[in-house]
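> What follows is data-v9.txt, made up of compact mmCIF, C-alpha atoms:
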# COMPACT_ATOMS: atom_id res chain seq x y z
CA MET A 12 -39.09 -8.28 -23.09
CA ARG A 13 -40.58 -5.35 -25.04
CA ARG A 14 -39.65 -5.46 -28.70
CA ALA A 15 -39.58 -3.02 -31.60
CA ALA A 16 -42.83 -1.06 -31.87
CA THR A 17 -42.71 0.44 -35.35
CA THR A 18 -40.55 0.08 -38.41
CA VAL A 19 -40.78 2.70 -41.17
CA PRO A 20 -39.58 1.82 -44.71
CA ARG A 21 -36.06 3.03 -45.32
CA THR A 22 -35.01 5.15 -48.28
CA THR A 23 -31.46 3.77 -48.32
CA GLU A 24 -29.75 0.58 -47.25
CA ARG A 25 -26.55 -0.17 -45.46
CA ALA A 26 -25.22 -3.09 -43.45
CA ASP A 27 -24.42 -0.87 -40.44
CA THR A 28 -27.13 -0.06 -37.93
CA VAL A 29 -26.75 2.75 -35.39
CA LEU A 30 -28.65 2.62 -32.09
CA LEU A 31 -29.52 6.10 -30.83
CA VAL A 32 -30.56 6.40 -27.20
CA GLY A 33 -32.14 9.78 -26.56
CA GLY A 34 -33.28 10.63 -30.07
CA THR A 35 -36.27 12.67 -28.89
CA GLY A 36 -34.19 15.11 -26.82
CA PHE A 37 -32.53 18.42 -27.68
CA ILE A 38 -29.19 16.98 -28.80
CA GLY A 39 -30.66 13.68 -29.94
CA GLY A 40 -33.10 15.39 -32.27
CA ALA A 41 -30.23 17.23 -33.96
CA VAL A 42 -28.32 13.94 -34.31
CA VAL A 43 -31.35 12.28 -35.94
CA ARG A 44 -31.46 15.14 -38.43
CA ALA A 45 -27.75 14.82 -39.15
CA LEU A 46 -27.84 11.05 -39.61
CA SER A 47 -30.91 11.28 -41.81
CA ALA A 48 -29.87 14.28 -43.89
CA GLY A 49 -26.94 13.30 -46.07
CA PRO A 50 -24.94 10.36 -47.34
CA ASP A 51 -21.63 9.23 -45.97
CA GLY A 52 -18.53 8.68 -48.07
CA ASP A 53 -20.03 5.53 -49.64
CA GLY A 54 -23.17 7.38 -50.70
CA LEU A 55 -25.29 5.43 -48.20
CA ARG A 56 -26.80 6.30 -44.84
CA PRO A 57 -26.58 4.04 -41.81
CA ARG A 58 -29.77 2.39 -40.64
CA LEU A 59 -31.03 4.19 -37.57
CA ARG A 60 -32.72 2.52 -34.60
CA LEU A 61 -34.13 4.69 -31.82
CA LEU A 62 -34.51 3.38 -28.29
CA SER A 63 -37.51 5.03 -26.65
CA ARG A 64 -39.72 4.32 -23.67
CA ARG A 65 -42.78 4.93 -25.87
CA GLY A 66 -41.55 3.46 -29.13
CA ALA A 67 -42.49 5.65 -32.08
CA GLY A 68 -45.21 7.29 -30.01
CA GLY A 69 -47.08 8.34 -33.12
CA ALA A 70 -44.17 10.54 -34.29
CA GLU A 71 -42.48 8.25 -36.82
CA THR A 72 -39.51 9.53 -38.80
CA ALA A 73 -38.89 8.11 -42.25
CA GLY A 74 -36.03 5.63 -42.34
CA VAL A 75 -36.04 5.07 -38.58
CA GLU A 76 -36.74 1.85 -36.70
CA TYR A 77 -38.11 2.20 -33.16
CA PHE A 78 -37.32 -0.08 -30.24
CA THR A 79 -39.34 0.20 -27.03
CA GLY A 80 -37.15 0.04 -23.96
CA ASP A 81 -36.19 1.90 -20.79
CA LEU A 82 -32.71 2.36 -19.32
CA THR A 83 -34.15 1.84 -15.84
CA GLY A 84 -35.58 -1.56 -16.90
CA PRO A 85 -32.63 -3.72 -18.00
CA ALA A 86 -34.86 -6.55 -19.22
CA SER A 87 -36.57 -4.18 -21.67
CA LEU A 88 -33.23 -3.54 -23.40
CA ARG A 89 -32.84 -7.14 -24.51
CA GLY A 90 -32.22 -7.16 -28.25
CA CYS A 91 -31.83 -3.41 -28.72
CA CYS A 92 -28.18 -3.81 -29.77
CA ASP A 93 -28.61 -6.85 -31.99
CA GLY A 94 -27.01 -6.13 -35.35
CA VAL A 95 -25.85 -2.70 -34.19
CA SER A 96 -22.44 -1.37 -35.16
CA THR A 97 -22.46 1.79 -33.00
CA VAL A 98 -24.38 2.90 -29.91
CA LEU A 99 -24.94 6.64 -29.47
CA HIS A 100 -25.90 7.16 -25.82
CA LEU A 101 -27.30 10.68 -25.46
CA VAL A 102 -29.67 10.25 -22.52
CA SER A 103 -29.10 11.87 -19.14
CA HIS A 104 -31.34 12.80 -16.24
CA LEU A 105 -30.48 16.40 -15.39
CA GLY A 106 -32.63 16.90 -12.31
CA ARG A 107 -31.51 17.16 -8.70
CA ASP A 108 -33.00 13.90 -7.39
CA PRO A 109 -29.95 11.71 -6.69
CA ARG A 110 -31.98 8.50 -6.93
CA LEU A 111 -33.19 9.27 -10.44
CA CYS A 112 -29.73 10.46 -11.49
CA THR A 113 -28.23 7.19 -10.29
CA ALA A 114 -31.01 5.07 -11.83
CA VAL A 115 -30.80 6.66 -15.29
CA ASN A 116 -27.27 7.98 -15.67
CA ASP A 117 -25.27 5.40 -13.76
CA HIS A 118 -27.21 2.14 -13.58
CA GLY A 119 -29.01 2.77 -16.88
CA THR A 120 -25.73 3.30 -18.70
CA ARG A 121 -24.30 0.10 -17.24
CA ALA A 122 -27.41 -1.83 -18.30
CA LEU A 123 -27.05 -0.50 -21.84
CA LEU A 124 -23.36 -1.40 -21.91
CA ALA A 125 -24.14 -4.92 -20.72
CA GLU A 126 -26.63 -5.36 -23.56
CA ALA A 127 -24.11 -3.97 -26.06
CA GLU A 128 -21.51 -6.44 -24.81
CA ARG A 129 -23.98 -9.31 -25.10
CA ALA A 130 -24.70 -8.32 -28.70
CA GLY A 131 -21.02 -7.89 -29.57
CA THR A 132 -21.25 -4.11 -30.10
CA ASP A 133 -18.05 -2.34 -29.02
CA ARG A 134 -18.42 1.16 -30.56
CA ILE A 135 -20.04 3.29 -27.86
CA VAL A 136 -20.31 7.10 -27.89
CA TYR A 137 -21.51 8.73 -24.65
CA MET A 138 -22.64 12.35 -24.35
CA SER A 139 -21.38 13.63 -21.02
CA THR A 140 -20.74 17.21 -19.90
CA ALA A 141 -17.89 19.54 -18.93
CA SER A 142 -19.72 19.91 -15.61
CA VAL A 143 -17.91 16.79 -14.43
CA TYR A 144 -15.02 19.21 -13.76
CA GLY A 145 -17.06 21.07 -11.20
CA VAL A 146 -16.62 24.71 -10.27
CA GLY A 147 -14.09 26.74 -12.26
CA PRO A 148 -12.46 28.84 -13.31
CA HIS A 149 -11.28 26.82 -16.32
CA ARG A 150 -8.96 28.53 -18.76
CA GLY A 151 -8.02 26.51 -21.82
CA GLU A 152 -7.18 23.16 -20.26
CA ALA A 153 -7.07 20.16 -22.57
CA GLU A 154 -8.58 16.74 -21.91
CA GLY A 155 -6.80 15.15 -18.96
CA ASP A 156 -5.57 18.44 -17.49
CA LEU A 157 -8.42 18.96 -15.03
CA PRO A 158 -9.43 16.76 -12.10
CA LEU A 159 -12.99 15.46 -12.09
CA ALA A 160 -14.85 17.17 -9.25
CA PRO A 161 -18.60 17.18 -9.99
CA VAL A 162 -20.74 19.10 -7.53
CA SER A 163 -24.27 17.97 -8.51
CA ALA A 164 -25.99 14.61 -8.35
CA ALA A 165 -26.46 14.69 -12.14
CA SER A 166 -22.82 15.41 -12.90
CA ALA A 167 -21.56 12.90 -10.33
CA SER A 168 -23.70 10.14 -11.85
CA ARG A 169 -22.57 11.09 -15.35
CA ARG A 170 -18.98 10.82 -14.17
CA ARG A 171 -19.68 7.26 -13.07
CA ALA A 172 -21.31 6.60 -16.44
CA GLU A 173 -18.18 7.93 -18.14
CA GLU A 174 -16.03 5.50 -16.19
CA ALA A 175 -18.15 2.57 -17.32
CA VAL A 176 -18.11 3.70 -20.96
CA ARG A 177 -14.35 4.17 -20.97
CA LYS A 178 -13.86 0.77 -19.38
CA ALA A 179 -15.93 -0.69 -22.23
CA GLY A 180 -13.65 0.98 -24.79
CA GLY A 181 -16.11 3.72 -25.70
CA ILE A 182 -15.71 7.43 -26.37
CA VAL A 183 -16.87 10.21 -24.05
CA LEU A 184 -17.85 13.67 -25.33
CA ARG A 185 -17.82 16.66 -22.96
CA PRO A 186 -19.50 19.77 -24.38
CA ASN A 187 -19.79 22.79 -22.11
CA LEU A 188 -22.79 24.98 -23.07
CA VAL A 189 -24.99 23.90 -25.99
CA TYR A 190 -27.38 26.28 -27.77
CA GLY A 191 -29.68 26.22 -30.78
CA ARG A 192 -33.17 25.21 -31.84
CA GLY A 193 -34.74 23.06 -29.12
CA ASP A 194 -32.64 24.50 -26.25
CA ARG A 195 -34.81 24.58 -23.12
CA TRP A 196 -32.01 25.10 -20.62
CA PHE A 197 -29.06 27.32 -21.44
CA VAL A 198 -30.35 30.43 -23.26
CA PRO A 199 -33.76 30.33 -21.50
CA ALA A 200 -32.01 30.20 -18.11
CA LEU A 201 -29.73 33.09 -19.11
CA ALA A 202 -32.77 35.08 -20.28
CA ARG A 203 -34.47 34.55 -16.92
CA VAL A 204 -31.35 35.75 -15.11
CA LEU A 205 -31.18 38.84 -17.33
CA GLY A 206 -34.85 39.51 -16.67
CA ARG A 207 -34.03 39.90 -12.98
CA VAL A 208 -30.50 41.30 -13.24
CA PRO A 209 -30.37 43.38 -16.47
CA VAL A 210 -26.72 44.30 -16.13
CA TRP A 211 -23.45 42.51 -16.85
CA PRO A 212 -19.98 43.55 -15.72
CA SER A 213 -17.64 44.49 -18.55
CA ALA A 214 -14.52 43.56 -16.60
CA PRO A 215 -13.03 41.14 -16.00
CA ALA A 216 -14.25 39.76 -19.34
CA ASN A 217 -14.94 36.10 -18.65
CA ARG A 218 -15.03 33.66 -21.58
CA LEU A 219 -17.09 30.55 -22.18
CA SER A 220 -16.91 27.43 -24.35
CA LEU A 221 -20.07 27.00 -26.41
CA ILE A 222 -21.24 24.85 -29.28
CA ALA A 223 -24.25 25.01 -31.58
CA VAL A 224 -26.32 21.86 -31.30
CA ASP A 225 -26.09 21.21 -35.05
CA ASP A 226 -22.28 21.35 -34.89
CA LEU A 227 -22.28 18.97 -31.94
CA ALA A 228 -24.51 16.67 -33.99
CA ARG A 229 -21.99 16.74 -36.85
CA VAL A 230 -19.34 15.31 -34.53
CA VAL A 231 -21.67 12.53 -33.36
CA ASP A 232 -22.69 11.87 -36.96
CA ALA A 233 -19.03 11.50 -38.02
CA LEU A 234 -18.36 9.07 -35.17
CA ALA A 235 -21.42 7.02 -36.15
CA ARG A 236 -20.72 6.82 -39.88
CA SER A 237 -16.98 6.32 -40.17
CA PRO A 238 -14.19 4.14 -38.77
CA TRP A 239 -12.59 5.84 -35.80
CA PRO A 240 -9.08 7.12 -36.61
CA PRO A 241 -6.20 5.41 -34.76
CA GLY A 242 -5.32 7.15 -31.54
CA LEU A 243 -8.62 9.04 -31.36
CA GLY A 244 -8.58 8.92 -27.57
CA PRO A 245 -11.34 8.15 -25.06
CA VAL A 246 -12.41 11.69 -23.95
CA HIS A 247 -13.03 14.82 -25.99
CA HIS A 248 -14.06 18.40 -25.31
CA VAL A 249 -16.60 19.26 -28.02
CA ASN A 250 -17.03 23.02 -28.33
CA HIS A 251 -16.18 25.66 -30.86
CA PRO A 252 -12.39 26.12 -30.52
CA GLU A 253 -12.76 29.90 -29.98
CA PRO A 254 -14.17 30.75 -26.53
CA LEU A 255 -16.80 33.49 -26.46
CA PRO A 256 -16.71 36.56 -24.19
CA ALA A 257 -19.73 36.36 -21.91
CA ARG A 258 -20.55 40.00 -22.62
CA THR A 259 -20.88 39.17 -26.34
CA LEU A 260 -23.22 36.31 -25.49
CA VAL A 261 -25.34 38.46 -23.17
CA ARG A 262 -25.71 41.27 -25.68
CA ALA A 263 -26.74 38.84 -28.42
CA VAL A 264 -29.40 37.25 -26.20
CA CYS A 265 -30.74 40.65 -25.16
CA ARG A 266 -30.97 41.82 -28.78
CA ALA A 267 -32.65 38.60 -29.91
CA LEU A 268 -35.24 38.59 -27.12
CA GLY A 269 -35.78 42.31 -26.68
CA LEU A 270 -34.36 42.37 -23.16
CA PRO A 271 -32.87 45.57 -21.72
CA LEU A 272 -29.21 45.57 -20.73
CA SER A 273 -27.92 48.39 -18.59
CA GLU A 274 -24.44 49.80 -19.13
CA GLU A 275 -24.27 50.46 -15.40
CA GLU A 276 -20.79 50.01 -13.96
CA MET A 277 -20.77 47.04 -11.62
CA SER A 278 -17.92 44.90 -10.36
CA ALA A 279 -17.94 41.17 -10.92
CA ARG A 280 -18.24 40.66 -7.17
CA GLU A 281 -21.28 42.96 -6.93
CA HIS A 282 -22.84 41.29 -9.94
CA THR A 283 -22.39 37.81 -8.48
CA ALA A 284 -23.90 38.95 -5.19
CA ARG A 285 -26.89 40.42 -7.00
CA ILE A 286 -27.51 37.23 -9.00
CA GLU A 287 -27.27 35.23 -5.78
CA ARG A 288 -29.86 37.52 -4.17
CA GLU A 289 -32.25 37.76 -7.15
CA CYS A 290 -31.95 34.14 -8.33
CA PRO A 291 -31.62 32.05 -5.16
CA GLU A 292 -32.69 28.89 -7.02
CA LEU A 293 -29.39 28.87 -8.92
CA THR A 294 -26.65 26.73 -7.43
CA ARG A 295 -23.20 28.22 -6.94
CA HIS A 296 -21.93 26.18 -9.86
CA GLN A 297 -24.70 27.50 -12.12
CA ARG A 298 -23.89 31.08 -11.15
CA MET A 299 -20.18 30.60 -11.69
CA LEU A 300 -20.78 28.85 -15.01
CA LEU A 301 -22.03 32.15 -16.41
CA THR A 302 -19.83 34.64 -14.60
CA GLU A 303 -16.36 33.02 -14.45
CA ASP A 304 -14.06 31.70 -17.15
CA HIS A 305 -15.31 28.29 -18.28
CA TRP A 306 -13.54 27.37 -21.49
CA CYS A 307 -11.54 24.34 -22.51
CA GLU A 308 -9.15 23.54 -25.33
CA SER A 309 -11.57 22.11 -27.87
CA GLY A 310 -9.75 21.84 -31.18
CA ARG A 311 -8.52 18.27 -31.08
CA ILE A 312 -11.73 16.40 -31.93
CA TRP A 313 -12.29 18.56 -35.04
CA GLU A 314 -8.76 17.92 -36.24
CA ARG A 315 -8.88 14.20 -35.54
CA LEU A 316 -12.17 13.78 -37.43
CA GLY A 317 -11.18 16.10 -40.26
CA LEU A 318 -14.14 18.42 -39.63
CA GLY A 319 -14.41 22.18 -39.63
CA PRO A 320 -15.89 23.55 -36.39
CA GLY A 321 -18.35 25.83 -38.17
CA PRO A 322 -18.58 29.63 -38.30
CA GLY A 323 -18.98 30.19 -34.57
CA PHE A 324 -21.49 31.89 -32.32
CA PRO A 325 -22.58 35.06 -34.19
CA GLU A 326 -23.74 33.24 -37.31
CA ARG A 327 -25.07 30.14 -35.56
CA PHE A 328 -27.04 32.14 -32.98
CA ALA A 329 -28.51 34.41 -35.67
CA THR A 330 -29.94 31.29 -37.31
CA ALA A 331 -31.46 30.08 -34.01
CA ALA A 332 -32.70 33.50 -32.81
CA PRO A 333 -36.15 33.29 -34.49
CA TRP A 334 -36.81 30.00 -32.71
CA TYR A 335 -35.79 31.50 -29.36
CA ARG A 336 -38.07 34.50 -29.96
CA GLY A 337 -40.91 32.08 -30.56
CA GLN A 338 -40.38 30.70 -27.04
CA ARG A 339 -40.31 34.18 -25.45
CA ALA A 340 -43.30 33.48 -23.18
CA GLU A 341 -41.31 30.73 -21.45
CA TYR A 342 -38.57 33.07 -20.27
CA SER A 343 -40.32 34.30 -17.16
CA GLY A 344 -40.46 32.54 -13.82
CA PRO A 345 -37.62 30.82 -11.97
CA CYS A 346 -34.09 31.41 -13.28
CA MET A 347 -33.51 27.66 -13.30
CA ALA A 348 -35.84 24.71 -13.03
Please go through the file and, once you have read it, give me the structure as C-alpha cells.

Amino acid sequence: MRRAATTVPRTTERADTVLLVGGTGFIGGAVVRALSAGPDGDGLRPRLRLLSRRGAGGAETAGVEYFTGDLTGPASLRGCCDGVSTVLHLVSHLGRDPRLCTAVNDHGTRALLAEAERAGTDRIVYMSTASVYGVGPHRGEAEGDLPLAPVSAASASRRRAEEAVRKAGGIVLRPNLVYGRGDRWFVPALARVLGRVPVWPSAPANRLSLIAVDDLARVVDALARSPWPPGLGPVHHVNHPEPLPARTLVRAVCRALGLPLSEEEMSAREHTARIERECPELTRHQRMLLTEDHWCESGRIWERLGLGPGPGFPERFATAAPWYRGQRAEYSGPCMA
C-alpha cells in the first residue's frame, strides 16, 4: 500500500473531505481552483485530497492533501477514501488503445468504487462525455432521450464506467465540448483543421453544445460542497444551455489565433469531403462532431443546483483567448493526436 505523500497546512477546517481523482488535468485543475477559491454557505471550505500517481510531485497546492495511488493498481488505492464525504472522479484515458481505455476507464473506475464502498463513501461524481451517444446529429435531446452508442474505445469504456457509477448511486456528468485555459484538445484540434481547411460552410448552420471549463468546475464544486437536492437524477448534460452556431465558434477561433477564414461558398458535403481528405487522422465521429448538429438540452443541472450558467461563449472565450494565443506554436501538425 502506498500512502499519502505530502500534506500541506490548511487555511480552513471542515469535517468534510473531498477526494479528487484527476486534479492535475484540464478539468481537474479548474475544479481544484474552484474548491480552493471561495467559501461555501457555512463560510468554510471542504478539505481537499488529491489522488495522484506521483503524489504532490513537487507541485504542492496550499490546503491540499496528496495521496499516492494509481487507478490501474487497486492495492494502491487502499485508504484513499477513508474519511471522505464525496469522490470526484475526473480521470479518463482518451487515447485509442482499447487495453489502456479498459484498464483506466473501466477497471480503474470499478477499483475506485470498491474502495469508496469499503470506506463507506456513497457520494460519487463521475465526469463522462456526451460522446457516449456516438455519431449525431443530436438536436436538443434531454438526458434519457438518446441511446448510448459509443464508437471509440475511450467512449465505450467510459460508458461502462458510467454504468458502474450509476449502480453505486453516483452522479454522471456528460459535457460535450469543453474549452478554456488548459485546453489541449478541442480548440487546438479545431485550429489545426482550420490551418488545412480555411473555409467553413455557412449553411446549413450546425450548432454545438459547449461549456467553459470554469463553468463546468462550478457545477462540480456545487456537487462537492452541498447536499444533493432530492430528485437530482443520476445523469446530467453539463453545457451552456444556449447552443452555439459552429460558424460563430470558427470565426472567434480564427480571430483569436490570426488564422485566415475564406468566405468561399462551399456546401457542407464538399466541406466534409475536404476535411476527410486533408485531415485523414480524424475519425468520422471527430469530423461529424464539428460539422453536424451536436447539442443537447442542458438547462436542468443549472436549475436543480440553483446556479447561473454564466455569460456564454463570447465572453468566456475572450477571457481564454490570450492563453490560446500563447500556445500558438502547438497548433501545427496533425489535426488530432
> Given only C-alpha atoms as the basis, pick out the residue of A:Ala223, A:Gln297, A:Gly119, A:Lys178 nearest to Gly193 in chain A.
A:Ala223
> Select, from A:Leu184, A:Ala340, A:Leu82, A:Ala175, the residue with the minimum atom-to-atom distance to Leu111 in chain A, counting all atoms listed in the file.
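Ranking A:Leu184, A:Ala340, A:Leu82, A:Ala175 by distance to Leu111 in chain A, first place goes to A:Leu82.
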> Under the rule of at most 7 Å, produce a per-residue listing of range 87-186 of chain A near range 239-262 of chain A: chain, number, name, the closest pair of atoms, and the distance in Å, as a tab-separated table, using all atoms listed in the file.

residue	atom	partner	partner_atom	distance
A:Glu154	CA	A:His247	CA	6.3
A:Arg177	CA	A:Pro245	CA	6.5
A:Gly181	CA	A:Pro245	CA	6.5
A:Ile182	CA	A:Pro245	CA	4.6
A:Val183	CA	A:Val246	CA	4.7
A:Leu184	CA	A:His247	CA	5.0
A:Arg185	CA	A:His248	CA	4.8
A:Pro186	CA	A:Val249	CA	4.7
> CA of Ser142 in chain A to CA of Val115 in chain A: how many Å, to one decimal?
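Going from CA of Ser142 in chain A over to CA of Val115 in chain A, I get 17.3 Å.
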> Would you compute the distance between CA of His296 in chain A and CA of Arg107 in chain A? Give it in Å to one decimal.
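The value is 13.2 Å.
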> Any chance you could build range 225-246 of chain A out to N, CA and C atoms and write it as a compact mmCIF listing (two decimals), keeping the file's coordinate frame?

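Below is the file out-v5.txt, written as the result:
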# COMPACT_ATOMS: atom_id res chain seq x y z
N ASP A 225 -26.28 21.86 -33.75
CA ASP A 225 -26.09 21.21 -35.05
C ASP A 225 -24.63 20.88 -35.31
N ASP A 226 -23.70 21.68 -34.76
CA ASP A 226 -22.28 21.35 -34.89
C ASP A 226 -21.91 20.18 -34.00
N LEU A 227 -22.48 20.13 -32.81
CA LEU A 227 -22.28 18.97 -31.94
C LEU A 227 -22.80 17.71 -32.63
N ALA A 228 -23.94 17.83 -33.28
CA ALA A 228 -24.51 16.67 -33.99
C ALA A 228 -23.61 16.22 -35.13
N ARG A 229 -22.89 17.14 -35.77
CA ARG A 229 -21.99 16.74 -36.85
C ARG A 229 -20.86 15.86 -36.33
N VAL A 230 -20.38 16.15 -35.12
CA VAL A 230 -19.34 15.31 -34.53
C VAL A 230 -19.88 13.91 -34.24
N VAL A 231 -21.07 13.84 -33.65
CA VAL A 231 -21.67 12.53 -33.36
C VAL A 231 -21.93 11.78 -34.66
N ASP A 232 -22.42 12.48 -35.66
CA ASP A 232 -22.69 11.87 -36.96
C ASP A 232 -21.42 11.27 -37.55
N ALA A 233 -20.29 12.00 -37.48
CA ALA A 233 -19.03 11.50 -38.02
C ALA A 233 -18.57 10.25 -37.27
N LEU A 234 -18.75 10.24 -35.95
CA LEU A 234 -18.36 9.07 -35.17
C LEU A 234 -19.25 7.87 -35.47
N ALA A 235 -20.50 8.12 -35.84
CA ALA A 235 -21.42 7.02 -36.15
C ALA A 235 -21.18 6.44 -37.52
N ARG A 236 -20.80 7.26 -38.50
CA ARG A 236 -20.72 6.82 -39.88
C ARG A 236 -19.39 6.19 -40.26
N SER A 237 -18.31 6.63 -39.65
CA SER A 237 -16.98 6.32 -40.17
C SER A 237 -16.15 5.51 -39.19
N PRO A 238 -15.14 4.79 -39.68
CA PRO A 238 -14.19 4.14 -38.77
C PRO A 238 -13.48 5.20 -37.93
N TRP A 239 -13.27 4.89 -36.68
CA TRP A 239 -12.59 5.84 -35.80
C TRP A 239 -11.10 5.86 -36.13
N PRO A 240 -10.51 7.05 -36.28
CA PRO A 240 -9.08 7.12 -36.61
C PRO A 240 -8.22 6.57 -35.48
N PRO A 241 -7.09 5.94 -35.81
CA PRO A 241 -6.20 5.41 -34.76
C PRO A 241 -5.78 6.52 -33.81
N GLY A 242 -5.74 6.19 -32.54
CA GLY A 242 -5.32 7.15 -31.54
C GLY A 242 -6.32 8.25 -31.26
N LEU A 243 -7.60 8.00 -31.56
CA LEU A 243 -8.62 9.04 -31.36
C LEU A 243 -8.69 9.48 -29.91
N GLY A 244 -8.52 8.56 -28.98
CA GLY A 244 -8.58 8.92 -27.57
C GLY A 244 -9.96 8.71 -26.99
N PRO A 245 -10.06 8.51 -25.67
CA PRO A 245 -11.34 8.15 -25.06
C PRO A 245 -12.21 9.33 -24.63
N VAL A 246 -11.64 10.54 -24.47
CA VAL A 246 -12.41 11.69 -23.95
C VAL A 246 -12.12 12.90 -24.82
